[in-house]
Every structure is written in structure tokens, then in C-alpha cells.
Amino acid sequence: MSTVVLDKVSKVYPGGFLAVDRLSLRAEKGELLVLLGPSGCGKSTLLRMIAGLEEITSGDLWLDGELANHLAPRERDVAMVFQNGALYPHRTVRGNLSFPLEIAKADPLLVKERVVELAKALHIEETLDRRPGTLSGGQQQRVAMGRAIMRQPSLFLMDEPLSNLDAGMRTELRMEISQLVRALGVTTIYVTHDQVEALTLADRVAIMNRGVLQDIGTPAQVYNDPATAFTAAFLNSQQLNLLSPEVRTPQNEYVLLDFGMQRLILPWSDPRAYAVSKYTGGHIIVGIRPDGLKPVPESYEGPSFYGRVRTLEYHGHEWMAYLEAGLPAVPVPQPPDPRHAAANGHAGKGAWKFMRRLFPGRTAEPP
Ligand code: ATP
């Protein structure tokens with residue numbers, strides 16, 4: 001089991017493109033660290049530099065306390081699982097699984113035993129005599145995983161191993177990877193652009209954007225207490241409301257967030273008030289998840305936004321009401337009675353006309 005330390009690692013591709021920018025992080029022994037970020041943010045480049053498949057332009061890579069920048073891939077004791085499995089097409093599943101041990105000239109009887117044992121654990125026992133081309137995508141990825149495990153490496157590197165699979169298979173294999181990797185206790189760095197995969201699998205998540213590390217922490221830390229607006233927005237597949245109010249503290253009586261069209265008051269008893277008050281006179285970024293908002297009647301007296309519904313969007317399990325420009329998106333569990341769609345249970349005439357067009361025959365008159 002390896003610790004992996006990256007110290008200000010950069011990658012500049014020929015032509016001058018900076019794919020990874022002075023990135024530092026540490027994966028502990030036995031940890032499952034997920035690298036998460038949008039397509040093109042440099043995740044695969046980083047993984048390939050750790051594997052030794054891509055040269056490090058500057059900075060240092062340490063594997064288990066040893067400077068590894070110039071070690072050949074085979075000297076790094078890592079096993080990599082790719083998106084497409086990358087199996088040997090002319091070898092059977094048995095042949096693919098046994099390959100790493102054959103190379104290491106292990107006792108053939110032992111190899112046979114281990115192959116069967118692992119095939120059972122991965123639920124691919126019945127495919128042992130088939131070639132990769134005859135297997136489903138999920139089975140191929142199981143074999144790829146098995147081949148990596150067979151090598152008994154001190155570090156697993158996985159590059160989007162589930163991205164070519166359908167949703168059901170992804171969920172199933174995700175759970176199996178989590179169990180397997182934890183049972184083996186091998187340090188694992190896992191690359192994905194899928195937020196759910198990252199949050200469900202990881203001990204810690206490292207979030208990247210444009211080659212720069214944005215945030216690192218446990219899934220709960222990065223979700224509940226994101227270090228940057230990018231992290232907050234990226235981790236919320238639902239549209240996050242990112243607003244930029246001015247902070248004021250009139251006569252020091254309370255903290256007021258001035259959103260222009262509306263204001264929210266935080267009394268000093270609110271645990272967030274003190275932290276926010278430090279920015280008095282300036283603007284802060286506030287992230288409000290739609291699921292943190294609910295429609296309320298006009299008589300509601302607590303902090304609330306008020307606005308006309310600009311549009312309603314169907315999201316399957318609920319509807320989303322988008323209010324006038326600059327205001328939050330609010331989930332509405334139970335339309336199509338759009339009377340509930342306004343943030344404050346109140347919408348102007350224009351909005352009602354609009355909704356009547358959206359839901360002819362189902363739109364009630366405003367109360
Ligand atoms: P994806 O999920 O789409 O694979 P990624 O986050 O893994 O994205 P990388 O594959 O690491 O991103 O690529 C990062 C950036 O570096 C991209 O803009 C890509 O076009 C660029 N890049 C990758 N390989 C090369 C190369 N050999 N030469 C030049 N640029 C490259």
C-alpha cells in the first residue's frame with residue numbers, strides 16, 4: 001500500500017497547453033481518493049503522470065516516500081484500469097486474469113486457484129473460457145478489475161472505469177468496486193466526472209477545474225462546505241442558485257444581505273451571521289440549493305424571496321420554478337397547480353398568463 005504525494009505538479013503539453021497547474025495533494029495508505037472534474041480539466045493527465053505514462057513537466061511525485069518522477073511504469077507497482085477495459089482480445093478471460101501472474105512466473109497451480117477465486121468474487125466464473133469480445137461491457141470491466149487485482153499492486157489507478165456502462169450496471173459495479181477496494185485495503189485513485197459516483201465511492205474527493213485543484217475533503221465536507229463557488233456549483237446536479245448580495249450591518253442590529261431586488265435579514269442568533277458580517281460593505285457569494293427552498297404563503301414572516309415565476313420546468317420527480325432574473329430557482333413538488341409555484345405563493349398577472357399558456361385547462365386563476 002502506497003502513499004501518493006504530489007508536490008506542485010504541472011503538465012505542459014507540447015504546443016504549450018497547461019493541462020495541470022502546480023497541483024499538490026496527498027493520498028493516504030489504503031485511501032480511496034476520487035479525482036472529480038468536468039471533461040478536459042486534467043484528471044486523466046494527472047493519473048497518467050502518477051502511472052508513469054506521461055512525463056511530469058515540473059514538480060515532484062512521491063510514491064511511498066520515494067521520488068518517482070523518473071521511475072518507469074513497471075517500477076511503480078501500480079495497476080491501472082481504463083474506461084474500455086483494454087483487455088487482451090485473443091486471450092480468454094482466464095488468460096487475461098492469469099497474465100500478470102504468468103509474467104511473474106508464479107506457480108501454475110496457485111495461479112489457477114487464484115483465477116477461480118477471483119472470478120467467483122467478481123461474478124464472472126461462467127465466462128472464464130470466453131474471449132473479451134463476447135462479453136458485455138460490465139463483464140469486461142469486471143475482468144479488467146480482476147486483472148488489476150491479480151497483480152497485487154500497492155496502488156490502483158482507475159480512469160472512469162464505469163463510464164461506458166448503462167446506469168444500472170454502473171450502480172452495481174460501483175458498489176462492488178467500493179467493497180473490493182476496501183476489502184483489499186489498496187490505495188486507490190479513481191477518476192470520474194460523475195458527481196454521484198464521486199460522493200458515493202470516495203473516502204475523500206479532490207475536485208479539479210482547468211488543471212487547478214479546487215477543493216479536497218470528505219464527500220460531506222466538499223458538499224456541505226465547499227471551498228470555492230466552482231465546487232458548490234459542480235457538486236449540485238440540480239441548478240444551484242449562486243447569488244452575490246452586498247453585506248450590511250445597519251446599526252449593528254443584524255446582518256442584512258442585500259440582493260438588489262430583495263433583502264434577507266440574519267439575526268445575530270443565526271450561526272452564519274458573524275462569519276458573514278466580516279464582509280460588511282462588500283459582496284459575498286451565496287449558494288442556495290433549490291432543495292433548501294420551499295414555496296410559502298404570502299403571510300409567511302420569516303426570511304423569504306418574492307418573485308414572479310418566469311418559467312416552470314419538469315424534472316420528473318418534481319417541477320422547478322424559475323423566478324424573475326437574478327432570483328433563485330425553487331422546486332415545486334406538486335404542480336401543475338401553479339398557484340404553488342411562486343416563491344411566496346404570489347405571482348403577478350403576467351406570470352399567470354404565462355402559466356396558462358404552459359398548462360392550458362389546468363391553470364387556476366390567481367387567488
Ligand atoms: P476527460 O474526462 O474528457 O478525459 P480529463 O479531465 O481527463 O478529461 P485530460 O484528458 O487530462 O482531461 O486532458 C486535459 C487537457 O489536456 C485537455 O484540454 C486535453 O485536450 C489536453 N490534452 C490531453 N492530452 C494531450 C496531448 N497529448 N497533447 C495536447 N493536449 C492534450
# chains A, B, ... in the order shown; residues from 1 in each chain; ligands from 1
>>> residues_around(residues="Arg204 in chain A", least_positions_apart="5", cutoff="8 Å", atoms="only C-alpha atoms", output="ChimeraX atom specification")
/A:31-34,216-219
>>> write_last_selection(atoms="N, CA and C atoms", output="mmCIF file, in the first residue's frame")
data_model
loop_
_atom_site.group_PDB
_atom_site.id
_atom_site.type_symbol
_atom_site.label_atom_id
_atom_site.label_comp_id
_atom_site.auth_asym_id
_atom_site.auth_seq_id
_atom_site.Cartn_x
_atom_site.Cartn_y
_atom_site.Cartn_z
ATOM 1 N N GLU A 31 -6.322 4.587 1.166
ATOM 2 C CA GLU A 31 -7.422 5.525 0.927
ATOM 3 C C GLU A 31 -7.989 5.380 -0.487
ATOM 4 N N LEU A 32 -9.299 5.622 -0.611
ATOM 5 C CA LEU A 32 -9.907 5.705 -1.937
ATOM 6 C C LEU A 32 -10.142 7.196 -2.227
ATOM 7 N N LEU A 33 -9.244 7.748 -3.033
ATOM 8 C CA LEU A 33 -9.317 9.182 -3.358
ATOM 9 C C LEU A 33 -9.906 9.328 -4.754
ATOM 10 N N VAL A 34 -10.971 10.097 -4.864
ATOM 11 C CA VAL A 34 -11.603 10.294 -6.177
ATOM 12 C C VAL A 34 -11.214 11.660 -6.728
ATOM 13 N N ILE A 216 -10.549 19.779 -1.639
ATOM 14 C CA ILE A 216 -10.323 18.365 -1.298
ATOM 15 C C ILE A 216 -10.882 18.131 0.092
ATOM 16 N N GLY A 217 -11.596 17.026 0.264
ATOM 17 C CA GLY A 217 -12.165 16.725 1.569
ATOM 18 C C GLY A 217 -13.064 15.499 1.485
ATOM 19 N N THR A 218 -13.671 15.143 2.610
ATOM 20 C CA THR A 218 -14.606 14.016 2.587
ATOM 21 C C THR A 218 -15.819 14.450 1.760
ATOM 22 N N PRO A 219 -16.608 13.475 1.270
ATOM 23 C CA PRO A 219 -17.787 13.863 0.488
ATOM 24 C C PRO A 219 -18.668 14.869 1.233
#
>>> closest_atom_pairs(of="chain A", to="ligand 1", cutoff="7 Å", atoms="only C-alpha atoms and all ligand atoms", output="CSV")
residue,atom,partner,partner_atom_place_in_ligand_line,distance
A:Tyr13,CA,ligand 1,29 (C),4.9
A:Pro14,CA,ligand 1,28 (N),6.2
A:Phe17,CA,ligand 1,30 (N),6.2
A:Ala19,CA,ligand 1,16 (O),4.6
A:Gly37,CA,ligand 1,6 (O),6.3
A:Pro38,CA,ligand 1,6 (O),6.0
A:Ser39,CA,ligand 1,3 (O),3.7
A:Gly40,CA,ligand 1,12 (O),3.4
A:Cys41,CA,ligand 1,6 (O),3.8
A:Gly42,CA,ligand 1,11 (O),3.2
A:Lys43,CA,ligand 1,6 (O),4.0
A:Ser44,CA,ligand 1,7 (O),3.6
A:Thr45,CA,ligand 1,11 (O),3.6
A:Leu46,CA,ligand 1,11 (O),6.5
A:Thr192,CA,ligand 1,2 (O),6.9
A:His193,CA,ligand 1,2 (O),6.2
>>> write_last_selection(atoms="C-alpha atoms", output="PDB file, in the first residue's frame")
ATOM      1  CA  TYR A  13       1.789  19.505 -23.378  1.00  0.00           C
ATOM      2  CA  PRO A  14       3.863  20.108 -26.490  1.00  0.00           C
ATOM      3  CA  PHE A  17      -1.055  23.832 -23.229  1.00  0.00           C
ATOM      4  CA  ALA A  19      -3.157  20.778 -18.505  1.00  0.00           C
ATOM      5  CA  GLY A  37     -13.965  17.414 -12.512  1.00  0.00           C
ATOM      6  CA  PRO A  38     -15.504  18.284 -15.860  1.00  0.00           C
ATOM      7  CA  SER A  39     -14.232  16.860 -19.115  1.00  0.00           C
ATOM      8  CA  GLY A  40     -10.836  18.271 -20.043  1.00  0.00           C
ATOM      9  CA  CYS A  41      -9.909  19.503 -16.551  1.00  0.00           C
ATOM     10  CA  GLY A  42      -6.745  17.392 -16.474  1.00  0.00           C
ATOM     11  CA  LYS A  43      -7.831  14.384 -14.359  1.00  0.00           C
ATOM     12  CA  SER A  44      -6.571  11.740 -16.769  1.00  0.00           C
ATOM     13  CA  THR A  45      -3.340  13.637 -17.334  1.00  0.00           C
ATOM     14  CA  LEU A  46      -2.732  13.643 -13.581  1.00  0.00           C
ATOM     15  CA  THR A 192     -14.576  10.417 -12.748  1.00  0.00           C
ATOM     16  CA  HIS A 193     -16.654  13.360 -13.992  1.00  0.00           C
TER      17      HIS A 193
END
>>> residues_around(residues="Ile103 in chain A", least_positions_apart="6", cutoff="12 Å", atoms="only C-alpha atoms", output="ChimeraX atom specification")
/A:95-97,111,150-151
>>> atom_distance(atom1="CA of Pro73 in chain A", atom2="CA of Ala51 in chain A")
5.8 Å
>>> select_by_dssp(residues="range 146-187 of chain A", states="helix (DSSP H, G or I)", output="list of chain:residue names")
A:Gly146, A:Arg147, A:Ala148, A:Ile149, A:Met150, A:Ala167, A:Gly168, A:Met169, A:Arg170, A:Thr171, A:Glu172, A:Leu173, A:Arg174, A:Met175, A:Glu176, A:Ile177, A:Ser178, A:Gln179, A:Leu180, A:Val181, A:Arg182, A:Ala183, A:Leu184
>>> atom_distance(atom1="CA of Glu298 in chain A", atom2="CA of Pro267 in chain A")
21.2 Å
>>> closest_residue(among="A:Gly137, A:Gly85, A:Pro132, A:Gly52", to="Asp159 in chain A", atoms="only C-alpha atoms")
A:Gly85
>>> closest_atom_pairs(of="range 178-226 of chain A", to="range 165-172 of chain A", cutoff="10 Å", atoms="only C-alpha atoms", output="CSV")
residue,atom,partner,partner_atom,distance
A:Val196,CA,A:Thr171,CA,9.9
A:Glu197,CA,A:Thr171,CA,8.4
A:Thr200,CA,A:Thr171,CA,9.9
>>> write_last_selection(atoms="N, CA and C atoms", output="CSV table (one decimal), in the first residue's frame")
chain,number,residue,atom,x,y,z
A,196,VAL,N,-22.2,11.9,-8.5
A,196,VAL,CA,-22.8,10.9,-7.7
A,196,VAL,C,-21.7,9.7,-7.4
A,197,GLU,N,-21.1,9.3,-8.5
A,197,GLU,CA,-20.0,8.3,-8.3
A,197,GLU,C,-19.0,8.8,-7.3
A,200,THR,N,-20.4,8.9,-3.7
A,200,THR,CA,-20.7,7.6,-3.1
A,200,THR,C,-19.5,6.7,-2.8
